[in-house]
Amino acid sequence: MKIRGAAAIADAGEGEVTFFGNAKYLPQLKASRATVALVPADFAESISAIAIRVENPSLAFAQLLEKFAPEQICFAPGVHPSAVLGRDVVLGENVSIQPFAVLEDGVQVGANTVIGAHGYVGHEVRIGSDCRFAPRVTIGARCVVGNRVILHSGVVVGSDGFGFEFSGGRHVKIPQTGIAQVDDDAEIGANTTIDRARFGRTWIQEGTKIDNLVQIAHNVIIGKHCIIVSQTGISGSTKLGNYVTLAGQVGVVGHIEIGDQVVVGAKGGVSKSVGPKKVLWGSPVSGPIREAKEQLAAVRRLPKLQKRVVRVEQLLDSLRKSLSPESEHLSG
Amino acid sequence: MKIRGAAAIADAGEGEVTFFGNAKYLPQLKASRATVALVPADFAESISAIAIRVENPSLAFAQLLEKFAPEQICFAPGVHPSAVLGRDVVLGENVSIQPFAVLEDGVQVGANTVIGAHGYVGHEVRIGSDCRFAPRVTIGARCVVGNRVILHSGVVVGSDGFGFEFSGGRHVKIPQTGIAQVDDDAEIGANTTIDRARFGRTWIQEGTKIDNLVQIAHNVIIGKHCIIVSQTGISGSTKLGNYVTLAGQVGVVGHIEIGDQVVVGAKGGVSKSVGPKKVLWGSPVSGPIREAKEQLAAVRRLPKLQKRVVRVEQLLDSLRKSLSPESEHLSG
Amino acid sequence: MKIRGAAAIADAGEGEVTFFGNAKYLPQLKASRATVALVPADFAESISAIAIRVENPSLAFAQLLEKFAPEQICFAPGVHPSAVLGRDVVLGENVSIQPFAVLEDGVQVGANTVIGAHGYVGHEVRIGSDCRFAPRVTIGARCVVGNRVILHSGVVVGSDGFGFEFSGGRHVKIPQTGIAQVDDDAEIGANTTIDRARFGRTWIQEGTKIDNLVQIAHNVIIGKHCIIVSQTGISGSTKLGNYVTLAGQVGVVGHIEIGDQVVVGAKGGVSKSVGPKKVLWGSPVSGPIREAKEQLAAVRRLPKLQKRVVRVEQLLDSLRKSLSPESEHLSG
C-alpha cells in the first residue's frame with residue numbers, strides 16, 4: 001500500500017493520511033475514508049483507518065505534509081532588471097530583489113533575503129539576512145528589520161503614527177520622527193500596519209507572530225514570542241511583556257502595560273494595565289473567563305430576575321398590609 | 001421636460017430623478033427639489049416631485065443610474081509592455097494585463113479577464129474568464145479563481161495561514177501548503193485578506209460577496225451566496241453554509257459550523273456552532289435580537305434593580321424584627 | 001552643557017531632553033536620567049532633571065523634536081522614467097512622480113504634490129497641490145483629492161461600495177457610479193479603505209484625520225476636523241457632523257446622523273442617530289461613560305445579586321409560612 005497524499009479528516013480519501021488532533025472531530029474521524037490516521041498516544045477508539053499513535057498528531061502531520069507538499073516556490077538570487085535601486089544600496093550574498101521593487105538610497109539587505117515584487121524599502125532601511133518579504137510590502141524610511149523575518153503582502157512597517165495637537169480649531173500634525181523595528185524571527189500578517197514612533201521606536205521583539213489586519217500604533221513595544229491574532233489593535237505607547245497572547249479583534253488602549261504571559265480572549269477590550277499571567281475576557285476585560293461566563297449567564301437570566309424582584313416586592317407589600325398597621329411605617 | 005441626472009434625495013435638484021426606498025427619508029423626500037421620484041407601489045404621500053410608482057424603487061433607480069452614469073472605464077485587451085510574465089503563462093482571448101503586473105511561471109488567465117496595474121499573480125495560479133482585478137491585487141502561488149470574480153485593490157488571496165506550534169519556548173511555523181480558492185461570481189472588497197489553507201483549501205464559494213478589510217483564516221469554507229460585511233473576521237477551519245449574512249465587525253471562532261441562512265448582527269461574536277436560519281445578536285451571540293434587546297434593556301435598568309433589592313432586604317429585615325423573636329431563626 | 005537629543009521619559013539618558021505630559025508617568029520622570037524635562041506650568045514636583053515649565057509640554061517637545069529629528073526625506077520633483085502616464089495628464093509645478101506610478105488618462109495633479117512609488121491614480125482623477133502620497137496608494141477613477149492631503153501606504157480611495165440586490169437567489173451587483181472626495185488637509189492612515197458612492201459622492205471633509213485600517217462605506221459623509229481612530233467602520237450613507245471623535249474599533253450603522261462634537265468611546269457600537277456633543281460608550285452605545293460604568297459595575301455584581309434575590313425569596317417564603325395560613329393566598 002502506498003500513501004499518496006495527506007488531507008484533513010473531512011477531505012481525506014483512500015490512499016491518504018490524516019490526523020486527529022481535536023476531540024470534536026471524532027465523528028468525522030469515524031466516518032473518514034482515510035487509509036491512515038495519526039492519533040494521540042492514548043487514543044482508544046475503534047476506527048476503520050490504520051491508527052498510528054504519536055505524541056503530537058498535529059506536529060507529526062505537519063512533518064508529513066512537507067513530504068507531500070508541492071515543491072516550494074524559490075526565488076532565484078539576483079536583482080530583477082526592472083527593480084529600482086538608489087545610491088549606496090548594500091546587498092548581501094544571494095539576495096533576491098523581485099520585479100518592480102524599489103530600494104531607496106542607503107538601504108542595506110542581509111544575505112539570502114527575498115524582497116518580493118512591488119516591495120518598497122525606504123531610505124536607509126536596514127534588513128537582516130534570511131528574511132522573506134511577500135510581494136507588495138512597504139518599509140518606511142530608517143526602519144530596522146532583523147533576521148529571518150517574514151512579512152506578508154500588504155504589510156506596512158513605518159507609516160506615520162496618528163498624532164495631532166488640537167490648536168486653533170484644527171488638528172495640527174505632530175511629526176513622527178521615530179522608527180519601527182521588527183526583531184529576529186518575527187512574522188507579520190497580510191495588510192497589517194505598524195506605525196513608526198513619534199520619536200524613539202515602535203518595537204516588535206524577537207519571535208513575535210502577528211496575524212493579518214492588525215494595527216500597532218506608534219511607540220508600542222511588543223515583547224518576545226507574543227501571539228497577536230487578526231484584527232487586533234494596540235494603541236499608542238502601550239507595552240506588552242513576553243509570551244502575551246491577544247486573540248482576534250482585541251483592542252488595547254494606549255499608555256498601559258500588559259504583563260508577561262497574559263492572555264486576552266477574542267473581542268476583549270483592555271483599558272488598564274494588567275499584571276503577568278492573567279487570563280482576561282470581555283470588554284472591558286473582567287478577569288478570568290469563569291467569572292466572565294458567570295456574569296454573562298446572569299445577564300441572560302436578568303429579565304427573569306427582574307420579574308422575580310417585582311414578585312418579591314408585591315408579596316412583601318401584601319404581607320405588610322396583612323399585618324398590623326403599626327408596621328406600615330417600614331415602607332417610609 | 002428633460003431629466004438630466006439622478007441623485008440621492010438630499011442632493012437631487014431640479015431636472016433630476018431620485019428614489020425613495022427607506023421610510024426614514026420621507027421628510028427629506030417631502031423637502032426634495034427633485035423633479036421625479038421613484039416610489040414604492042403603495043406610496044400614498046403627497047410630494048412636490050412627480051411620483052413614479054415601481055415595484056422596487058432602489059432597483060429601478062439602479063437601472064436608471066446606468067443611463068446617467070459616466071462612461072465606464074474599459075481596459076483595452078493586451079499585455080502592457082512593462083508587465084513581467086514568467087514561463088508557460090497562458091492568456092485567453094482579450095485578456096488585459098495592466099502596467100507593472102507580474103505573472104509568475106505557469107499562470108493561466110481566462111478570456112476577457114483584466115489584471116489591474118501592480119497586480120501580482122503567483123506561480124501556477126489559475127484564473128477564470130471575465131474577471132476584473134482592480135490595481136494592486138495579490139494572488140499567492142497555486143491559488144484558484146473562478147469566472148466573473150471581482151477583486152478590489154489591496155486584496156490578498158493566499159497569504160500564509162497563522163499557524164504555529166509552541167516548542168522550546170518559541171513559536172515554530174507550521175508550513176501552510178494548501179491553497180485558497182475563490183469560485184465564480186464572488187466579489188472581494190479592498191484590503192481583505194484570505195489566507196491559504198494549512199493543507200487542502202480555504203474556499204469562498206459561488207456568488208459570495210465579501211466587503212472591505214475582512215479576514216478569512218486558513219481552511220475556512222464559506223458557502224454560496226453569503227454576505228460578509230466589512231471588518232468581520234472568521235477563524236481557522238470554520239465552515240459557513242449558504243446564504244449566511246455576517247454584519248460588520250463580526251468575529252467567528254475557529255472549528256465551528258454555521259448553518260444555511262444564519263444572520264449575525266453587527267459586532268456579534270460567535271463562539272459555538274449554529275443551526276440553520278438562526279438570527280443572532282450580541283457577543284457572544286445570544287439568540288434572537290428580541291431576547292438580546294430585552295437583556296440589554298435589563299442591563300440598563302440594573303443599577304435601579306440593585307437598589308430595589310437592597311430596599312426589599314431592608315423591608316424584610318424590619319418586618320422580621322417587628323414580628324415575634326421566634327421568626328429570628330429564619331435568617332439562619 | 002549641550003543637549004544632544006530628545007527621547008521619551010523611559011528612554012532619555014544623560015544629555016537628552018524629555019517631556020512630562022501625562023500624570024501617570026510621574027514615577028518614571030522621577031527615575032529618569034534625562035538632563036532636561038519639559039513640564040507643565042504648574043509642575044511642583046522635585047526631580048533630578050532640569051525642569052523647564054511650558055504651557056504645553058507635548059507641543060513644545062514636538063517643536064524641539066524637529067530640531068533633533070533626522071533630516072526629512074525629500075522626493076525630487078520630476079517624473080521617474082519608469083512611471084506610466086496616460087493621455088492628457090496635467091502635472092503642476094514641482095510635482096514628483098515616483099517609480100512605477102501609474103497615472104491614467106486625464107489625471108490632474110497640483111503643484112508640489114508627491115505621488116509615491118507604485119501609486120495608482122485612475123482615469124480623470126483630480127489631485128490638489130502640496131499633497132503627499134506614500135508608496136502604494138490607489139485612487140479610483142474620477143475621485144477628487146484636495147490640497148495638502150496626506151495618504152499613507154495601502155490607502156484605497158474609490159473602491160466599489162458594497163451594494164447588491166437579492167434577485168433570483170443571487171446577489172446582483174448594483175453599479176457604484178459615484179466618486180469619493182477627500183478635502184483639504186485631510187490625512188488617511190495605512191490600509192484604510194474609502195468606497196466610492198453608489199451615486200453622488202462619499203465625502204471626507206476638510207481637516208479630518210483618519211487612522212489605519214478604517215472602513216468608510218459608500219455615500220458616507222464625514223464633516224470637518226473629525227478624528228476617526230484605527231479599525232473603526234462607518235456603514236453606508238451615514239453622516240457625521242464636524243469635530244466628531246470616534247475612538248478605535250467603533251462601528252456605526254448605516255443611514256444615521258451623528259451630530260457635531262460627538263465622542264464615541266473605543267469599541268462603541270452606534271445604531272441610532274445621535275444629537276450634538278453627546279459622549280457615548282458601549283455597544284450599543286448607552287449614554288455618558290458614567291452611566292455605562294455604573295451598568296458595567298452592576299453586571300460584575302450580578303451573580304451576587306441573584307443569590308441575594310434567592311435568599312430574599314426564601315426568607316419571604318419562610319416568613320409567610322410562619323404567619324397565619326390566611327396569608328397563604330398571597331403567593332397565589
# chains A, B, ... in the order shown; residues from 1 in each chain; ligands from 1
>>> residues_around(residues="range 91-100 of chain C", least_positions_apart="2", cutoff="6 Å", atoms="only C-alpha atoms", output="PyMOL selection string")
chain C and resi 77-80+82-83+108-118
>>> interface_residues(of="chain A", to="chain C", cutoff="8 Å", atoms="only C-alpha atoms", output="mmCIF file with C-alpha atoms, in the first residue's frame")
data_model
loop_
_atom_site.group_PDB
_atom_site.id
_atom_site.type_symbol
_atom_site.label_atom_id
_atom_site.label_comp_id
_atom_site.auth_asym_id
_atom_site.auth_seq_id
_atom_site.Cartn_x
_atom_site.Cartn_y
_atom_site.Cartn_z
ATOM 1 C CA VAL A 84 14.972 50.494 -8.966
ATOM 2 C CA PHE A 100 9.356 46.439 -9.607
ATOM 3 C CA VAL A 102 12.162 49.972 -5.077
ATOM 4 C CA HIS A 118 6.397 45.642 -5.832
ATOM 5 C CA TYR A 120 9.108 49.375 -1.284
ATOM 6 C CA HIS A 123 15.749 55.412 2.699
ATOM 7 C CA THR A 138 6.256 48.663 2.404
ATOM 8 C CA ALA A 141 12.484 55.213 5.843
ATOM 9 C CA GLY A 154 0.323 44.464 2.102
ATOM 10 C CA VAL A 156 3.174 48.454 6.126
ATOM 11 C CA SER A 159 3.650 54.519 8.435
ATOM 12 C CA ASP A 160 3.218 57.736 10.419
ATOM 13 C CA PHE A 162 -1.623 59.057 14.444
ATOM 14 C CA GLU A 165 -2.366 68.648 18.589
ATOM 15 C CA GLY A 169 -9.866 74.680 15.739
ATOM 16 C CA ARG A 170 -7.690 72.327 13.678
ATOM 17 C CA HIS A 171 -5.733 69.139 14.218
ATOM 18 C CA ILE A 174 2.864 66.146 15.161
ATOM 19 C CA PRO A 175 5.900 64.984 13.206
ATOM 20 C CA THR A 177 10.284 61.202 13.574
ATOM 21 C CA ASN A 191 -2.263 44.082 5.394
ATOM 22 C CA THR A 193 0.108 48.118 9.811
ATOM 23 C CA PHE A 199 10.261 59.555 18.490
ATOM 24 C CA GLY A 200 12.343 56.571 19.517
ATOM 25 C CA LEU A 213 -5.088 43.262 9.556
ATOM 26 C CA GLN A 215 -2.917 47.701 13.953
ATOM 27 C CA GLN A 231 -7.832 42.475 13.568
ATOM 28 C CA GLY A 233 -5.482 46.919 17.643
ATOM 29 C CA GLY A 251 -8.492 46.300 21.496
ATOM 30 C CA GLY A 269 -11.135 45.370 25.454
ATOM 31 C CA SER A 286 -13.196 41.477 33.662
ATOM 32 C CA GLU A 294 -20.938 33.615 35.152
ATOM 33 C CA GLN A 295 -21.692 37.265 34.552
ATOM 34 C CA ALA A 298 -26.528 36.110 34.806
ATOM 35 C CA VAL A 299 -27.253 38.717 32.146
ATOM 36 C CA LEU A 305 -34.610 38.100 37.709
ATOM 37 C CA ARG A 308 -38.769 37.800 40.396
ATOM 38 C CA VAL A 309 -37.881 41.040 42.153
ATOM 39 C CA VAL A 312 -40.998 39.698 45.788
ATOM 40 C CA LEU A 315 -45.542 39.717 48.109
ATOM 41 C CA LEU A 316 -43.733 41.801 50.654
ATOM 42 C CA SER A 318 -49.190 42.319 50.619
ATOM 43 C CA LEU A 319 -47.595 40.725 53.631
ATOM 44 C CA SER A 322 -51.960 41.996 56.063
#
>>> residues_around(residues="Val54 in chain B", least_positions_apart="4", cutoff="8 Å", atoms="only C-alpha atoms", output="mmCIF file with C-alpha atoms, in the first residue's frame")
data_model
loop_
_atom_site.group_PDB
_atom_site.id
_atom_site.type_symbol
_atom_site.label_atom_id
_atom_site.label_comp_id
_atom_site.auth_asym_id
_atom_site.auth_seq_id
_atom_site.Cartn_x
_atom_site.Cartn_y
_atom_site.Cartn_z
ATOM 1 C CA LEU B 38 -39.342 56.634 -7.897
ATOM 2 C CA VAL B 39 -41.558 55.417 -5.040
ATOM 3 C CA PRO B 40 -43.000 52.063 -3.875
ATOM 4 C CA ALA B 41 -46.226 50.780 -5.456
ATOM 5 C CA ALA B 60 -35.357 50.721 -10.702
#
>>> atom_distance(atom1="CA of Arg4 in chain B", atom2="CA of Pro57 in chain B")
18.5 Å
>>> select_by_dssp(residues="range 92-317 of chain C", states="alpha helix (DSSP H)", output="count of residues only")
28
>>> residues_around(residues="Val149 in chain A", least_positions_apart="5", cutoff="8 Å", atoms="only C-alpha atoms", output="CSV table (one decimal) with N, CA, C and O atoms, in the first residue's frame")
chain,number,residue,atom,x,y,z
A,130,ASP,N,18.2,36.3,5.5
A,130,ASP,CA,17.2,35.2,5.5
A,130,ASP,C,15.8,35.6,5.7
A,130,ASP,O,15.0,34.9,6.2
A,131,CYS,N,15.5,36.9,5.4
A,131,CYS,CA,14.1,37.3,5.5
A,131,CYS,C,13.3,37.0,4.2
A,131,CYS,O,13.9,36.8,3.2
A,132,ARG,N,12.0,36.9,4.4
A,132,ARG,CA,11.2,36.6,3.2
A,132,ARG,C,10.1,37.6,3.2
A,132,ARG,O,9.2,37.6,4.1
A,133,PHE,N,10.1,38.6,2.3
A,133,PHE,CA,9.1,39.6,2.1
A,133,PHE,C,8.2,39.2,0.9
A,133,PHE,O,8.7,39.1,-0.2
A,182,VAL,N,11.5,45.7,13.8
A,182,VAL,CA,11.0,44.3,13.9
A,182,VAL,C,12.1,43.4,14.1
A,182,VAL,O,13.0,43.3,13.2
A,183,ASP,N,12.2,42.6,15.2
A,183,ASP,CA,13.3,41.8,15.5
A,183,ASP,C,13.3,40.4,14.9
A,183,ASP,O,12.3,40.0,14.2
A,184,ASP,N,14.4,39.7,15.1
A,184,ASP,CA,14.6,38.4,14.5
A,184,ASP,C,13.3,37.5,14.7
A,184,ASP,O,12.7,37.4,15.8
A,185,ASP,N,13.1,36.7,13.7
A,185,ASP,CA,12.1,35.6,13.7
A,185,ASP,C,10.7,36.1,13.9
A,185,ASP,O,9.8,35.2,14.2
A,186,ALA,N,10.4,37.3,13.8
A,186,ALA,CA,9.0,37.8,13.8
A,186,ALA,C,8.4,37.5,12.5
A,186,ALA,O,9.0,37.3,11.5
A,187,GLU,N,7.0,37.3,12.5
A,187,GLU,CA,6.2,37.2,11.3
A,187,GLU,C,5.0,38.1,11.4
A,187,GLU,O,4.4,38.2,12.4
>>> residues_around(residues="Glu124 in chain A", least_positions_apart="4", cutoff="10 Å", atoms="only C-alpha atoms", output="number ranges by chain")
A: 88-89, 103-108, 140-144
>>> residues_around(residues="range 257-259 of chain B", least_positions_apart="2", cutoff="10 Å", atoms="only C-alpha atoms", output="NGL selection string")
:B and (220-223 or 237-244 or 252-255 or 261-263 or 270 or 272-278)
>>> write_last_selection(atoms="N, CA and C atoms", output="PDB file, in the first residue's frame")
ATOM      1  N   VAL B 220     -10.901  27.974   6.195  1.00  0.00           N
ATOM      2  CA  VAL B 220     -12.309  28.373   6.296  1.00  0.00           C
ATOM      3  C   VAL B 220     -13.016  28.011   4.990  1.00  0.00           C
ATOM      4  N   ILE B 221     -14.260  27.570   5.104  1.00  0.00           N
ATOM      5  CA  ILE B 221     -15.097  27.356   3.920  1.00  0.00           C
ATOM      6  C   ILE B 221     -16.332  28.244   4.059  1.00  0.00           C
ATOM      7  N   ILE B 222     -16.553  29.090   3.077  1.00  0.00           N
ATOM      8  CA  ILE B 222     -17.750  29.945   3.056  1.00  0.00           C
ATOM      9  C   ILE B 222     -18.615  29.475   1.904  1.00  0.00           C
ATOM     10  N   GLY B 223     -19.876  29.143   2.223  1.00  0.00           N
ATOM     11  CA  GLY B 223     -20.775  28.576   1.223  1.00  0.00           C
ATOM     12  C   GLY B 223     -21.169  29.573   0.143  1.00  0.00           C
ATOM     13  N   SER B 237     -10.617  27.045   9.953  1.00  0.00           N
ATOM     14  CA  SER B 237     -11.351  25.790   9.788  1.00  0.00           C
ATOM     15  C   SER B 237     -12.844  25.909  10.053  1.00  0.00           C
ATOM     16  N   THR B 238     -13.353  27.127  10.235  1.00  0.00           N
ATOM     17  CA  THR B 238     -14.797  27.279  10.404  1.00  0.00           C
ATOM     18  C   THR B 238     -15.483  27.170   9.049  1.00  0.00           C
ATOM     19  N   LYS B 239     -16.704  26.643   9.075  1.00  0.00           N
ATOM     20  CA  LYS B 239     -17.441  26.376   7.845  1.00  0.00           C
ATOM     21  C   LYS B 239     -18.789  27.079   7.869  1.00  0.00           C
ATOM     22  N   LEU B 240     -19.036  27.928   6.893  1.00  0.00           N
ATOM     23  CA  LEU B 240     -20.339  28.591   6.776  1.00  0.00           C
ATOM     24  C   LEU B 240     -21.156  27.900   5.687  1.00  0.00           C
ATOM     25  N   GLY B 241     -22.480  27.810   5.920  1.00  0.00           N
ATOM     26  CA  GLY B 241     -23.370  27.264   4.898  1.00  0.00           C
ATOM     27  C   GLY B 241     -23.635  28.288   3.801  1.00  0.00           C
ATOM     28  N   ASN B 242     -24.734  28.112   3.107  1.00  0.00           N
ATOM     29  CA  ASN B 242     -25.122  29.032   2.031  1.00  0.00           C
ATOM     30  C   ASN B 242     -26.009  30.158   2.563  1.00  0.00           C
ATOM     31  N   TYR B 243     -26.006  31.275   1.876  1.00  0.00           N
ATOM     32  CA  TYR B 243     -26.879  32.399   2.209  1.00  0.00           C
ATOM     33  C   TYR B 243     -26.711  32.881   3.655  1.00  0.00           C
ATOM     34  N   VAL B 244     -25.515  32.764   4.178  1.00  0.00           N
ATOM     35  CA  VAL B 244     -25.242  33.301   5.512  1.00  0.00           C
ATOM     36  C   VAL B 244     -24.948  34.796   5.384  1.00  0.00           C
ATOM     37  N   VAL B 252     -15.907  35.317  14.382  1.00  0.00           N
ATOM     38  CA  VAL B 252     -16.335  33.924  14.481  1.00  0.00           C
ATOM     39  C   VAL B 252     -15.110  33.095  14.871  1.00  0.00           C
ATOM     40  N   VAL B 253     -15.248  32.289  15.935  1.00  0.00           N
ATOM     41  CA  VAL B 253     -14.116  31.460  16.360  1.00  0.00           C
ATOM     42  C   VAL B 253     -13.853  30.343  15.345  1.00  0.00           C
ATOM     43  N   GLY B 254     -12.777  29.632  15.560  1.00  0.00           N
ATOM     44  CA  GLY B 254     -12.398  28.584  14.639  1.00  0.00           C
ATOM     45  C   GLY B 254     -13.115  27.272  14.909  1.00  0.00           C
ATOM     46  N   HIS B 255     -13.087  26.368  13.921  1.00  0.00           N
ATOM     47  CA  HIS B 255     -13.535  24.992  14.082  1.00  0.00           C
ATOM     48  C   HIS B 255     -15.007  24.862  14.445  1.00  0.00           C
ATOM     49  N   GLN B 261     -28.335  30.247   5.862  1.00  0.00           N
ATOM     50  CA  GLN B 261     -29.247  31.375   6.112  1.00  0.00           C
ATOM     51  C   GLN B 261     -29.150  31.970   7.514  1.00  0.00           C
ATOM     52  N   VAL B 262     -28.102  31.651   8.238  1.00  0.00           N
ATOM     53  CA  VAL B 262     -27.894  32.308   9.536  1.00  0.00           C
ATOM     54  C   VAL B 262     -27.587  33.781   9.295  1.00  0.00           C
ATOM     55  N   VAL B 263     -28.080  34.646  10.195  1.00  0.00           N
ATOM     56  CA  VAL B 263     -27.761  36.071  10.162  1.00  0.00           C
ATOM     57  C   VAL B 263     -27.154  36.455  11.508  1.00  0.00           C
ATOM     58  N   VAL B 270     -19.383  34.960  17.588  1.00  0.00           N
ATOM     59  CA  VAL B 270     -19.948  33.618  17.502  1.00  0.00           C
ATOM     60  C   VAL B 270     -18.909  32.627  17.994  1.00  0.00           C
ATOM     61  N   LYS B 272     -19.836  29.289  19.144  1.00  0.00           N
ATOM     62  CA  LYS B 272     -20.290  27.896  19.054  1.00  0.00           C
ATOM     63  C   LYS B 272     -20.986  27.663  17.717  1.00  0.00           C
ATOM     64  N   SER B 273     -21.071  26.422  17.321  1.00  0.00           N
ATOM     65  CA  SER B 273     -21.780  26.102  16.085  1.00  0.00           C
ATOM     66  C   SER B 273     -23.243  26.538  16.189  1.00  0.00           C
ATOM     67  N   VAL B 274     -23.818  26.881  15.040  1.00  0.00           N
ATOM     68  CA  VAL B 274     -25.167  27.441  14.993  1.00  0.00           C
ATOM     69  C   VAL B 274     -25.947  26.728  13.897  1.00  0.00           C
ATOM     70  N   GLY B 275     -27.175  26.282  14.235  1.00  0.00           N
ATOM     71  CA  GLY B 275     -28.012  25.618  13.240  1.00  0.00           C
ATOM     72  C   GLY B 275     -28.541  26.606  12.217  1.00  0.00           C
ATOM     73  N   PRO B 276     -29.190  26.109  11.171  1.00  0.00           N
ATOM     74  CA  PRO B 276     -29.642  26.973  10.081  1.00  0.00           C
ATOM     75  C   PRO B 276     -30.705  27.990  10.507  1.00  0.00           C
ATOM     76  N   LYS B 277     -30.736  29.085   9.780  1.00  0.00           N
ATOM     77  CA  LYS B 277     -31.810  30.082   9.854  1.00  0.00           C
ATOM     78  C   LYS B 277     -31.869  30.861  11.168  1.00  0.00           C
ATOM     79  N   LYS B 278     -30.900  30.692  12.044  1.00  0.00           N
ATOM     80  CA  LYS B 278     -30.908  31.467  13.288  1.00  0.00           C
ATOM     81  C   LYS B 278     -30.523  32.925  12.992  1.00  0.00           C
TER      82      LYS B 278
END
>>> select_by_dssp(residues="range 31-195 of chain C", states="strand (DSSP E)", output="VMD selection string")
chain C and resid 36 to 40 50 to 54 78 to 79 84 to 85 90 to 91 96 to 97 102 to 103 108 to 109 114 to 115 120 to 121 126 to 127 132 to 133 138 to 139 144 to 145 150 to 151 156 to 159 164 to 167 170 to 173 179 to 182 187 to 188 193 to 195
>>> decode(residues="range 282-320 of chain A", atoms="C-alpha atoms", output="mmCIF file, in the first residue's frame")
data_model
loop_
_atom_site.group_PDB
_atom_site.id
_atom_site.type_symbol
_atom_site.label_atom_id
_atom_site.label_comp_id
_atom_site.auth_asym_id
_atom_site.auth_seq_id
_atom_site.Cartn_x
_atom_site.Cartn_y
_atom_site.Cartn_z
ATOM 1 C CA GLY A 282 -14.874 40.674 27.932
ATOM 2 C CA SER A 283 -14.918 44.352 27.066
ATOM 3 C CA PRO A 284 -13.717 45.914 29.238
ATOM 4 C CA VAL A 285 -11.924 42.766 30.357
ATOM 5 C CA SER A 286 -13.196 41.477 33.662
ATOM 6 C CA GLY A 287 -10.961 38.788 34.998
ATOM 7 C CA PRO A 288 -10.919 35.058 34.449
ATOM 8 C CA ILE A 289 -13.152 33.541 31.827
ATOM 9 C CA ARG A 290 -15.059 31.636 34.525
ATOM 10 C CA GLU A 291 -16.177 34.896 36.126
ATOM 11 C CA ALA A 292 -16.941 36.456 32.765
ATOM 12 C CA LYS A 293 -19.090 33.462 31.815
ATOM 13 C CA GLU A 294 -20.938 33.615 35.152
ATOM 14 C CA GLN A 295 -21.692 37.265 34.552
ATOM 15 C CA LEU A 296 -22.823 36.556 31.021
ATOM 16 C CA ALA A 297 -25.115 33.753 32.167
ATOM 17 C CA ALA A 298 -26.528 36.110 34.806
ATOM 18 C CA VAL A 299 -27.253 38.717 32.146
ATOM 19 C CA ARG A 300 -29.100 36.097 30.106
ATOM 20 C CA ARG A 301 -31.313 35.403 33.126
ATOM 21 C CA LEU A 302 -31.680 39.076 34.008
ATOM 22 C CA PRO A 303 -35.147 39.677 32.506
ATOM 23 C CA LYS A 304 -36.389 36.744 34.652
ATOM 24 C CA LEU A 305 -34.610 38.100 37.709
ATOM 25 C CA GLN A 306 -36.384 41.409 37.254
ATOM 26 C CA LYS A 307 -39.736 39.681 37.254
ATOM 27 C CA ARG A 308 -38.769 37.800 40.396
ATOM 28 C CA VAL A 309 -37.881 41.040 42.153
ATOM 29 C CA VAL A 310 -41.214 42.565 41.165
ATOM 30 C CA ARG A 311 -42.970 39.479 42.542
ATOM 31 C CA VAL A 312 -40.998 39.698 45.788
ATOM 32 C CA GLU A 313 -41.916 43.354 46.138
ATOM 33 C CA GLN A 314 -45.585 42.582 45.625
ATOM 34 C CA LEU A 315 -45.542 39.717 48.109
ATOM 35 C CA LEU A 316 -43.733 41.801 50.654
ATOM 36 C CA ASP A 317 -46.190 44.616 50.205
ATOM 37 C CA SER A 318 -49.190 42.319 50.619
ATOM 38 C CA LEU A 319 -47.595 40.725 53.631
ATOM 39 C CA ARG A 320 -47.022 44.051 55.272
#
